[in-house]
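Enquirer: Got a structure for you, work-v2.cif, holding mmCIF, C-alpha atoms.
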```
data_work
#
loop_
_atom_site.label_atom_id
_atom_site.label_comp_id
_atom_site.auth_asym_id
_atom_site.auth_seq_id
_atom_site.Cartn_x
_atom_site.Cartn_y
_atom_site.Cartn_z
CA MET A 23 16.79 93.56 111.16
CA LYS A 24 14.64 95.61 113.57
CA THR A 25 15.99 93.65 116.55
CA VAL A 26 19.59 94.35 115.55
CA THR A 27 18.81 98.00 114.88
CA PHE A 28 17.20 98.44 118.31
CA TYR A 29 20.11 96.63 119.95
CA VAL A 30 22.70 98.84 118.27
CA ALA A 31 20.65 101.95 119.11
CA GLY A 32 20.55 100.82 122.73
CA MET A 33 24.32 100.38 122.82
CA LEU A 34 24.73 103.87 121.31
CA CYS A 35 22.61 105.34 124.10
CA LEU A 36 24.61 103.43 126.72
CA LEU A 37 27.92 104.65 125.31
CA ALA A 38 26.64 108.23 125.06
CA THR A 39 25.56 108.09 128.71
CA ARG A 40 28.99 106.82 129.79
CA LEU A 41 30.79 109.51 127.79
CA SER A 42 28.52 112.23 129.18
CA ALA A 43 29.19 111.02 132.71
CA GLN A 44 32.92 111.13 132.10
CA GLU A 45 32.72 114.67 130.71
CA ASN A 46 30.83 115.87 133.80
CA LYS A 47 33.44 114.53 136.22
CA PRO A 48 35.32 117.25 138.15
CA LEU A 49 38.87 117.95 137.07
CA THR A 50 41.50 115.99 138.97
CA PHE A 51 44.47 117.50 140.81
CA GLU A 52 46.76 116.51 137.94
CA ASP A 53 44.46 118.09 135.34
CA GLN A 54 44.27 121.42 137.19
CA ALA A 55 48.03 121.47 137.88
CA ARG A 56 48.70 120.81 134.21
CA GLU A 57 46.36 123.67 133.24
CA ILE A 58 48.15 126.09 135.56
CA SER A 59 51.51 125.03 134.13
CA LYS A 60 50.24 125.68 130.61
CA ASN A 61 49.00 129.12 131.67
CA ILE A 62 52.44 130.02 133.03
CA GLU A 63 54.10 128.88 129.80
CA THR A 64 51.61 130.90 127.74
CA ILE A 65 52.16 134.07 129.81
CA THR A 66 55.94 133.81 129.50
CA LYS A 67 55.82 133.17 125.76
CA GLN A 68 53.38 136.02 125.07
CA GLN A 69 55.46 138.56 127.01
CA LYS A 70 58.73 137.45 125.38
CA ASP A 71 57.17 137.58 121.90
CA SER A 72 55.84 141.07 122.58
CA LEU A 73 59.28 142.18 123.80
CA LYS A 74 60.88 140.91 120.58
CA ILE A 75 58.46 143.01 118.51
CA GLU A 76 59.12 146.11 120.61
CA VAL A 77 62.91 145.66 120.46
CA GLU A 78 62.74 145.25 116.70
CA ALA A 79 60.83 148.53 116.47
CA VAL A 80 63.60 150.24 118.46
CA ASN A 81 66.21 148.75 116.10
CA VAL A 82 64.31 150.20 113.13
CA GLN A 83 64.35 153.64 114.76
CA LEU A 84 68.10 153.26 115.35
CA ASP A 85 68.74 152.21 111.75
CA ASN A 86 66.77 155.23 110.52
CA LYS A 87 68.88 157.43 112.84
CA GLU A 88 65.76 158.63 114.63
CA ILE A 89 67.42 157.87 117.97
CA THR A 90 70.98 157.48 119.19
CA THR A 91 72.65 154.26 120.33
CA GLU A 92 72.41 155.35 123.96
CA GLN A 93 68.71 156.13 123.59
CA ALA A 94 68.11 152.75 121.93
CA ALA A 95 69.86 150.92 124.78
CA ALA A 96 67.84 152.84 127.37
CA LYS A 97 64.54 152.07 125.59
CA LYS A 98 65.39 148.36 125.36
CA GLN A 99 66.22 148.24 129.05
CA GLN A 100 62.96 149.98 129.92
CA LEU A 101 60.90 147.62 127.70
CA SER A 102 62.62 144.57 129.20
CA ALA A 103 61.81 145.79 132.72
CA VAL A 104 58.13 146.30 131.84
CA ARG A 105 57.79 142.82 130.31
CA ALA A 106 59.64 141.22 133.22
CA LYS A 107 57.25 142.95 135.63
CA ASN A 108 54.26 141.72 133.61
CA ILE A 109 55.56 138.16 133.77
CA GLU A 110 56.13 138.45 137.53
CA THR A 111 52.63 139.85 138.18
CA LYS A 112 50.73 137.42 135.96
CA VAL A 113 52.71 134.34 137.03
CA ALA A 114 52.16 135.29 140.68
CA VAL A 115 48.41 134.89 140.11
CA GLU A 116 48.94 131.39 138.70
CA GLU A 117 51.31 130.51 141.54
CA GLU A 118 48.62 131.52 144.01
CA LYS A 119 46.19 129.20 142.21
CA LEU A 120 48.72 126.39 142.43
CA SER A 121 49.28 127.02 146.14
CA GLN A 122 45.54 126.88 146.79
CA LEU A 123 45.26 123.74 144.66
CA VAL A 124 47.92 121.97 146.73
CA LYS A 125 46.16 123.06 149.94
CA ASP A 126 42.84 121.70 148.65
CA LYS A 127 44.57 118.47 147.70
CA VAL A 128 46.03 118.04 151.18
CA ASP A 129 42.62 118.83 152.71
CA GLY A 130 41.12 116.02 150.63
CA LYS A 131 38.88 118.32 148.60
CA ILE A 132 40.31 117.18 145.25
CA GLN A 133 40.73 113.66 143.96
CA GLY A 134 43.96 112.54 142.34
CA LYS A 135 43.96 110.91 138.92
CA ARG A 136 43.45 107.15 139.07
CA ARG A 137 43.60 105.12 135.86
CA LYS A 138 44.18 101.49 136.76
CA GLY A 139 44.98 101.85 140.47
CA GLY A 140 47.19 103.65 142.90
CA PHE A 141 47.16 105.89 145.95
CA SER A 142 45.75 109.23 147.01
CA PHE A 143 46.29 111.28 150.18
CA THR A 144 43.66 112.77 152.46
CA TYR A 145 44.12 115.10 155.38
CA ASP A 146 42.29 114.23 158.59
CA LYS A 147 42.16 115.29 162.22
CA GLY A 148 42.41 112.71 164.95
CA ASP A 149 40.56 112.78 168.26
CA ASP A 150 43.33 114.88 169.73
CA GLU A 151 42.86 117.44 166.96
CA ALA A 152 46.38 116.68 165.67
CA ASP A 153 46.66 116.78 161.93
CA THR A 154 47.38 113.35 160.43
CA VAL A 155 47.82 112.18 156.87
CA LYS A 156 46.09 108.98 155.78
CA VAL A 157 47.07 106.97 152.73
CA VAL A 158 44.05 105.56 150.89
CA ARG A 159 44.64 102.61 148.57
CA HIS A 160 42.43 102.28 145.50
CA ASP A 161 41.46 99.08 143.69
CA PHE A 162 42.00 98.73 139.97
CA LYS A 163 38.65 99.51 138.41
CA ARG A 164 36.48 96.51 137.70
CA THR A 165 35.27 98.05 134.43
CA THR A 166 37.71 99.88 132.17
CA SER A 167 37.47 101.30 128.65
CA GLN A 168 39.74 100.95 125.64
CA PHE A 169 40.10 102.40 122.17
CA VAL A 170 40.17 99.49 119.70
CA PHE A 171 41.91 99.62 116.33
CA ALA A 172 42.52 96.70 113.97
CA LEU A 173 43.71 96.24 110.40
CA GLY A 174 44.61 93.36 108.11
CA ILE A 175 43.61 91.36 105.03
CA ASN A 176 40.22 90.27 103.73
CA ARG A 177 39.48 87.02 101.92
CA LEU A 178 36.15 86.20 100.29
CA MET A 179 35.21 82.58 100.96
CA THR A 180 33.20 80.69 98.32
CA ASP A 181 31.96 77.20 99.23
CA GLY A 182 34.39 77.18 102.12
CA LYS A 183 37.43 78.02 99.97
CA VAL A 184 39.32 81.28 99.50
CA ASP A 185 38.45 82.85 96.13
CA THR A 186 41.88 83.63 94.68
CA ASP A 187 40.70 83.56 91.05
CA ASN A 188 38.64 86.76 91.24
CA PHE A 189 40.16 88.78 94.09
CA GLU A 190 43.58 90.28 94.79
CA ASP A 191 45.67 89.60 97.86
CA GLY A 192 45.42 93.33 98.58
CA SER A 193 41.81 93.12 99.77
CA ASP A 194 41.93 94.60 103.27
CA PHE A 195 39.97 95.78 106.29
CA TYR A 196 40.32 98.10 109.23
CA GLU A 197 38.19 98.58 112.31
CA TRP A 198 38.00 101.11 115.11
CA GLY A 199 35.74 101.61 118.09
CA ILE A 200 35.26 101.79 121.85
CA ALA A 201 35.21 98.75 124.12
CA TYR A 202 34.37 98.24 127.79
CA ASN A 203 36.11 95.51 129.76
CA THR A 204 34.44 94.19 132.92
CA ARG A 205 36.07 91.70 135.29
CA ILE A 206 33.43 89.01 135.82
CA PHE A 207 34.49 87.78 139.25
CA LYS A 208 35.27 90.21 142.04
CA THR A 209 38.38 88.39 143.31
CA ASN A 210 39.58 86.58 140.17
CA ASN A 211 41.29 88.31 137.26
CA LEU A 212 41.06 85.57 134.61
CA LEU A 213 37.62 86.12 133.05
CA HIS A 214 36.42 89.41 131.58
CA PHE A 215 33.38 90.38 129.50
CA LYS A 216 34.29 92.77 126.70
CA TYR A 217 31.67 94.70 124.73
CA GLY A 218 31.39 97.95 122.80
CA LEU A 219 30.70 99.56 119.45
CA SER A 220 32.87 99.43 116.31
CA LEU A 221 32.95 100.45 112.66
CA GLN A 222 34.29 97.76 110.30
CA TYR A 223 35.58 98.93 106.90
CA ASN A 224 35.83 96.00 104.47
CA ASN A 225 37.46 96.36 101.05
CA LEU A 226 37.17 93.80 98.23
CA ARG A 227 39.51 94.27 95.24
CA PRO A 228 38.61 92.27 92.11
CA LYS A 229 41.24 91.09 89.60
CA ASN A 230 41.45 91.30 85.81
CA ASP A 231 39.75 94.70 85.39
CA LYS A 232 36.46 93.38 86.75
CA ILE A 233 33.94 95.47 88.68
CA PHE A 234 30.88 94.80 90.79
CA MET A 235 27.56 95.43 89.08
CA ALA A 236 24.07 95.04 90.52
CA ASP A 237 21.65 93.09 88.33
CA GLY A 238 18.29 93.33 90.04
CA ASP A 239 18.63 91.78 93.48
CA LYS A 240 21.93 90.08 92.59
CA THR A 241 25.49 91.40 92.31
CA GLU A 242 27.94 90.04 89.75
CA LEU A 243 31.55 90.58 88.72
CA VAL A 244 31.68 91.80 85.12
CA ASP A 245 34.38 93.03 82.75
CA SER A 246 34.71 96.80 83.00
CA GLY A 247 35.99 97.19 79.43
CA ARG A 248 38.81 99.40 80.72
CA ASN A 249 42.37 99.05 81.89
CA LEU A 250 41.83 99.77 85.58
CA ASN A 251 44.61 100.93 87.86
CA LYS A 252 42.58 100.25 91.00
CA VAL A 253 39.13 98.98 91.87
CA ARG A 254 37.56 98.24 95.22
CA LEU A 255 34.16 97.75 96.76
CA ARG A 256 34.01 99.15 100.28
CA TYR A 257 31.17 98.34 102.64
CA VAL A 258 31.02 99.65 106.21
CA ASN A 259 29.29 97.86 109.09
CA LEU A 260 28.37 99.31 112.47
CA VAL A 261 28.61 96.39 114.88
CA VAL A 262 28.36 95.51 118.56
CA PRO A 263 31.25 93.13 119.35
CA MET A 264 31.11 90.92 122.46
CA HIS A 265 33.93 88.72 123.72
CA LEU A 266 34.73 86.54 126.69
CA GLU A 267 38.33 87.54 127.43
CA PHE A 268 40.82 85.40 129.33
CA ASP A 269 43.47 87.73 130.79
CA PHE A 270 46.42 85.92 132.39
CA THR A 271 47.76 89.07 134.07
CA PRO A 272 48.53 88.10 137.67
CA LYS A 273 46.98 89.96 140.55
CA LYS A 274 49.13 92.26 142.67
CA VAL A 275 49.22 92.26 146.45
CA ASN A 276 50.35 95.26 148.47
CA GLY A 277 50.06 94.62 152.18
CA ASP A 278 46.46 93.72 152.89
CA LYS A 279 45.21 95.08 149.57
CA THR A 280 44.84 93.12 146.30
CA TYR A 281 44.84 94.75 142.85
CA TYR A 282 43.71 93.39 139.49
CA PRO A 283 45.61 95.01 136.59
CA ILE A 284 44.80 94.15 132.96
CA HIS A 285 46.68 93.80 129.67
CA ASP A 286 50.05 93.02 131.28
CA SER A 287 50.29 89.41 130.09
CA PHE A 288 48.83 86.97 127.54
CA ARG A 289 45.20 87.48 126.55
CA LEU A 290 42.67 85.41 124.63
CA GLY A 291 39.28 86.67 123.47
CA ILE A 292 36.48 84.54 121.97
CA GLY A 293 33.13 85.88 120.84
CA GLY A 294 31.29 87.49 117.98
CA TYR A 295 29.52 90.58 116.70
CA ALA A 296 26.24 91.71 115.17
CA GLY A 297 25.27 94.92 113.44
CA ILE A 298 24.03 96.74 110.37
CA ASN A 299 25.46 97.92 107.05
CA VAL A 300 25.68 101.71 106.98
CA LYS A 301 27.44 102.43 103.68
CA GLU A 302 28.70 100.83 100.48
CA LYS A 303 30.49 102.27 97.47
CA GLN A 304 32.70 101.22 94.57
CA ILE A 305 35.81 103.20 93.62
CA LEU A 306 37.55 102.95 90.23
CA LYS A 307 40.82 104.55 89.14
CA TYR A 308 41.89 104.58 85.48
CA LYS A 309 43.06 106.76 82.61
CA ASN A 310 40.50 107.90 80.05
CA ASP A 311 41.02 108.05 76.28
CA ASP A 312 42.71 111.45 76.63
CA GLY A 313 45.24 110.05 79.09
CA ASN A 314 43.76 111.94 82.06
CA ARG A 315 43.51 110.23 85.40
CA VAL A 316 39.95 109.50 86.49
CA ARG A 317 38.64 108.56 89.92
CA ASP A 318 35.09 107.24 89.67
CA LYS A 319 33.15 106.77 92.88
CA THR A 320 29.74 105.07 92.82
CA LYS A 321 27.63 105.11 95.95
CA GLY A 322 24.51 103.06 96.07
CA ASP A 323 22.99 99.65 96.45
CA PHE A 324 25.28 96.75 95.56
CA ASN A 325 22.96 94.33 97.38
CA VAL A 326 25.24 94.07 100.41
CA ASN A 327 23.28 92.52 103.26
CA ASP A 328 21.58 95.10 105.49
CA PHE A 329 22.73 93.34 108.63
CA THR A 330 25.69 91.18 109.55
CA TYR A 331 26.78 88.82 112.29
CA GLY A 332 29.81 86.64 112.78
CA LEU A 333 32.47 85.08 114.96
CA SER A 334 35.70 86.69 116.09
CA ALA A 335 38.70 85.89 118.27
CA TYR A 336 42.05 87.37 119.24
CA VAL A 337 45.18 86.22 121.06
CA GLY A 338 48.15 88.32 122.08
CA TYR A 339 50.26 89.91 124.77
CA GLY A 340 49.63 93.24 126.42
CA ASP A 341 47.76 95.69 124.18
CA ILE A 342 48.59 93.92 120.87
CA SER A 343 47.03 90.72 119.54
CA VAL A 344 46.41 88.69 116.39
CA TYR A 345 42.79 89.14 115.35
CA ALA A 346 40.45 87.07 113.16
CA LYS A 347 36.79 87.50 112.24
CA TYR A 348 34.40 85.58 110.00
CA ASP A 349 31.04 86.85 108.71
CA LEU A 350 28.44 84.10 109.09
CA GLN A 351 26.09 86.26 107.01
CA PRO A 352 26.97 86.23 103.27
CA VAL A 353 28.21 89.55 101.91
CA PHE A 354 25.54 89.78 99.18
CA ASN A 355 21.81 89.27 99.62
CA ASN A 356 20.54 86.97 96.91
CA ASN A 357 23.49 85.68 94.90
CA ASP A 358 23.28 82.11 93.70
CA VAL A 359 26.47 81.25 95.58
CA ASP A 360 27.02 82.45 99.16
CA GLN A 361 30.27 84.35 99.71
CA ASN A 362 31.41 85.06 103.25
CA ASN A 363 34.14 87.43 104.33
CA PHE A 364 37.11 86.21 106.41
CA SER A 365 39.56 88.71 107.93
CA LEU A 366 42.93 88.28 109.60
CA GLY A 367 45.04 91.06 111.08
CA ILE A 368 46.51 92.88 114.07
CA ARG A 369 44.44 94.39 116.85
CA PHE A 370 45.31 97.12 119.37
CA ASP A 371 43.35 97.56 122.61
CA LEU A 372 44.62 100.84 124.03
CA ASN A 373 43.72 101.75 127.63
#
```
Now, as a test, write the supplied structure out as structure tokens.

Expert:
Amino acid sequence: MKTVTFYVAGMLCLLATRLSAQENKPLTFEDQAREISKNIETITKQQKDSLKIEVEAVNVQLDNKEITTEQAAAKKQQLSAVRAKNIETKVAVEEEKLSQLVKDKVDGKIQGKRRKGGFSFTYDKGDDEADTVKVVRHDFKRTTSQFVFALGINRLMTDGKVDTDNFEDGSDFYEWGIAYNTRIFKTNNLLHFKYGLSLQYNNLRPKNDKIFMADGDKTELVDSGRNLNKVRLRYVNLVVPMHLEFDFTPKKVNGDKTYYPIHDSFRLGIGGYAGINVKEKQILKYKNDDGNRVRDKTKGDFNVNDFTYGLSAYVGYGDISVYAKYDLQPVFNNNDVDQNNFSLGIRFDLN
């Protein structure tokens, strides 16, 4: 338990360091250009909205016969001219920023945005002091990051068989997290090592109005004595998944440069995960004797194992794959019969 806890804590520190490094990166050319564009849109909208308010005030004066039609028209024309001048002055400042930004870009002072690969331009002076433009080709990054999301069905396995007598087909799971994908070989795109940090939400839904109840260090399914609309036990695991990923995306060659894109073809991942249980609760929904709807949530110890480990695999095309995982550690600590969770669903690895 301590080993797993230290391992997970170490991964948390690693991820925090990576995120901090990304936050401290200077803004790219595209980011700054987008910010200037937003500023121009904001200036225009603010001035137009203000003009609408001022024109409406003039219309009120006209309706109250405080001013004549000619005076109202003159005021509106004057207000429009003021707002147009404001837009011209303020936008000119942003245009100057954009002009300087483009100049800095040409001078090579600002990096362009590079996600998987591409080109940037730098400005250089040759020996004859003539200005020349060089095209710099960039490799696809050897290590990339993805947001991982998965969802599907859960099945509790008892003695190697799916327990359909006690649990509904609606038992489900979902998982989300961050993964890092590193190409193992420098000049071969087939093998990748994928690792990260994920939260797994597992839901077990008993049948026949039964609920989970802890009896000492064991957990049993017992009759609730009520007509339940819904019941589920949710336990959440914080895990470190690790996979060996086979990515059949072909390399790309452009002149004398070779690129290694990912997630553009069939993929196969084989590996496992290990982690700790961070939360467990049971939720009941039913109507009481007065006919009122009741939602009863019980947080606490249902003897779910403090740590978990298992096997997982996925196969798919592009960002989407079929995903399966199996907990080698039984769900409950000391029950007489071991019950292991098996999950099957869809997984999204979003670059």

Enquirer: Could you tell me, as a list of chain:residue names, exactly which residues end up selected when the PyMOL selection byres ((chain A and resi 287) around 12) is applied to this structure?

Expert: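 Checking the PyMOL selection byres ((chain A and resi 287) around 12) against this file, the residues are A:Asn211, A:Leu212, A:Phe268, A:Asp269, A:Phe270, A:Thr271, A:Pro272, A:Lys273, A:Pro283, A:Ile284, A:His285, A:Asp286, A:Phe288, A:Arg289, A:Leu290, A:Val337, A:Gly338, A:Tyr339, A:Gly340, A:Asp341, A:Ile342, A:Ser343.
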
Enquirer: Run the PyMOL selection byres ((chain A and resi 182) around 12) on the file and write out the hits as a list in words.

Expert: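 Matching residues under the PyMOL selection byres ((chain A and resi 182) around 12) are Arg177, Leu178, Met179, Thr180, Asp181, Lys183, Val184, Asp185, Tyr348, Leu350, Pro352, Val359, Asp360, Gln361, Asn362, Asn363 and Phe364 of chain A.
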
Enquirer: Which residues come within 9 Å of region 293-303 of chain A, counting all atoms listed in the file, excluding same-chain residues fewer than 5 positions away, as a PyMOL selection string?

Expert: chain A and resi 23+26-27+29-30+254-267+319-324+326-335+347-349

Enquirer: Quote the spacing between CA of Gly277 (chain A) and CA of Phe207 (chain A) in Å to one decimal place.

Expert: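 Going from CA of Gly277 (chain A) over to CA of Phe207 (chain A), I get 21.4 Å.
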
Enquirer: List as a VMD selection string the protein and nucleic acid residues near region 109-120 of chain A, meaning an atom at most 8 Å away when all atoms listed in the file are counted, but skip any in the same chain fewer than 5 places from it.

Expert: chain A and resid 55 58 61 to 62 65 to 66 69

Enquirer: Residue by residue, what does the PyMOL selection byres ((chain A and resi 222) around 7) grab here? Present the result as a PyMOL selection string.

Expert: chain A and resi 196-198+220-221+223-224+258-260

Enquirer: So, counting all atoms listed in the file, which residue among A:Asn325, A:Gln122, A:Asn225, A:Thr209 is closest to Asp191 (chain A)?

Expert: A:Asn225

Enquirer: Please measure the separation of CA of Thr166 (chain A) and CA of Asn373 (chain A), giving the value in Å to one decimal.

Expert: 7.8 Å

Enquirer: How far is it from CA of Gly192 (chain A) to CA of Lys229 (chain A), in Å with one decimal?

Expert: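 Rounded to one decimal, the two atoms are 10.2 Å apart.
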
Enquirer: So, counting only C-alpha atoms, which residue among A:Val124, A:Asn251, A:Val244, A:Arg164 is closest to Asn210 (chain A)?

Expert: A:Arg164

Enquirer: Kindly indicate which residue among A:Lys240, A:Ile305, A:Tyr217, A:Lys208 lies nearest to Lys252 (chain A), using only C-alpha atoms for the distances.

Expert: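 For Lys252 (chain A), the nearest of the given residues is A:Ile305.
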
Enquirer: Given 4 Å on each side, where is the centre and what are the edge lengths in Å to one decimal of the axis-aligned box enclosing the listed atoms of region 161-177 of chain A, as lines of an AutoDock Vina configuration file?

Expert:
```
center_x = 39.9
center_y = 94.7
center_z = 122.8
size_x = 17.3
size_y = 23.4
size_z = 49.8
```

Enquirer: Measuring atom to atom with only C-alpha atoms, identify which of A:Phe195, A:Lys98, A:Gly218, A:Ile206 is nearest to Phe169 (chain A).

Expert: A:Gly218

Enquirer: Check the smallest atom-to-atom distance from each of A:Asn203, A:Gln304, A:Asn230, A:Thr165 to Asp187 (chain A) using all atoms listed in the file, then report the winner.

Expert: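 Of all the options, A:Asn230 lies closest to Asp187 (chain A).
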
Enquirer: Which is closest to Ala106 (chain A) among A:Lys60, A:Lys309, A:Lys70, A:Lys279, if we use all atoms listed in the file?

Expert: A:Lys70

Enquirer: Got a minute to add N, CA and C atoms to region 278-290 of chain A and dump it as a compact mmCIF listing (two decimals), in the coordinates of the input?

Expert:
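Heads up, here's the output in part14.txt:
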```
# COMPACT_ATOMS: atom_id res chain seq x y z
N ASP A 278 47.74 94.42 152.78
CA ASP A 278 46.46 93.72 152.89
C ASP A 278 45.52 94.04 151.74
N LYS A 279 46.05 94.67 150.69
CA LYS A 279 45.21 95.08 149.57
C LYS A 279 45.61 94.30 148.32
N THR A 280 44.61 93.86 147.54
CA THR A 280 44.84 93.12 146.30
C THR A 280 44.35 93.93 145.12
N TYR A 281 45.17 93.99 144.05
CA TYR A 281 44.84 94.75 142.85
C TYR A 281 44.75 93.82 141.65
N TYR A 282 43.95 94.22 140.66
CA TYR A 282 43.71 93.39 139.49
C TYR A 282 44.00 94.18 138.21
N PRO A 283 45.27 94.30 137.84
CA PRO A 283 45.61 95.01 136.59
C PRO A 283 45.20 94.19 135.37
N ILE A 284 45.15 94.83 134.20
CA ILE A 284 44.80 94.15 132.96
C ILE A 284 45.84 94.45 131.89
N HIS A 285 45.85 93.60 130.86
CA HIS A 285 46.68 93.80 129.67
C HIS A 285 48.18 93.87 129.99
N ASP A 286 48.62 93.09 130.97
CA ASP A 286 50.05 93.02 131.28
C ASP A 286 50.60 91.62 131.04
N SER A 287 49.84 90.78 130.35
CA SER A 287 50.29 89.41 130.09
C SER A 287 49.56 88.89 128.85
N PHE A 288 49.53 87.57 128.68
CA PHE A 288 48.83 86.97 127.54
C PHE A 288 47.32 87.13 127.70
N ARG A 289 46.66 87.34 126.56
CA ARG A 289 45.20 87.48 126.55
C ARG A 289 44.61 86.65 125.42
N LEU A 290 43.41 86.16 125.65
CA LEU A 290 42.67 85.41 124.63
C LEU A 290 41.21 85.84 124.68
```
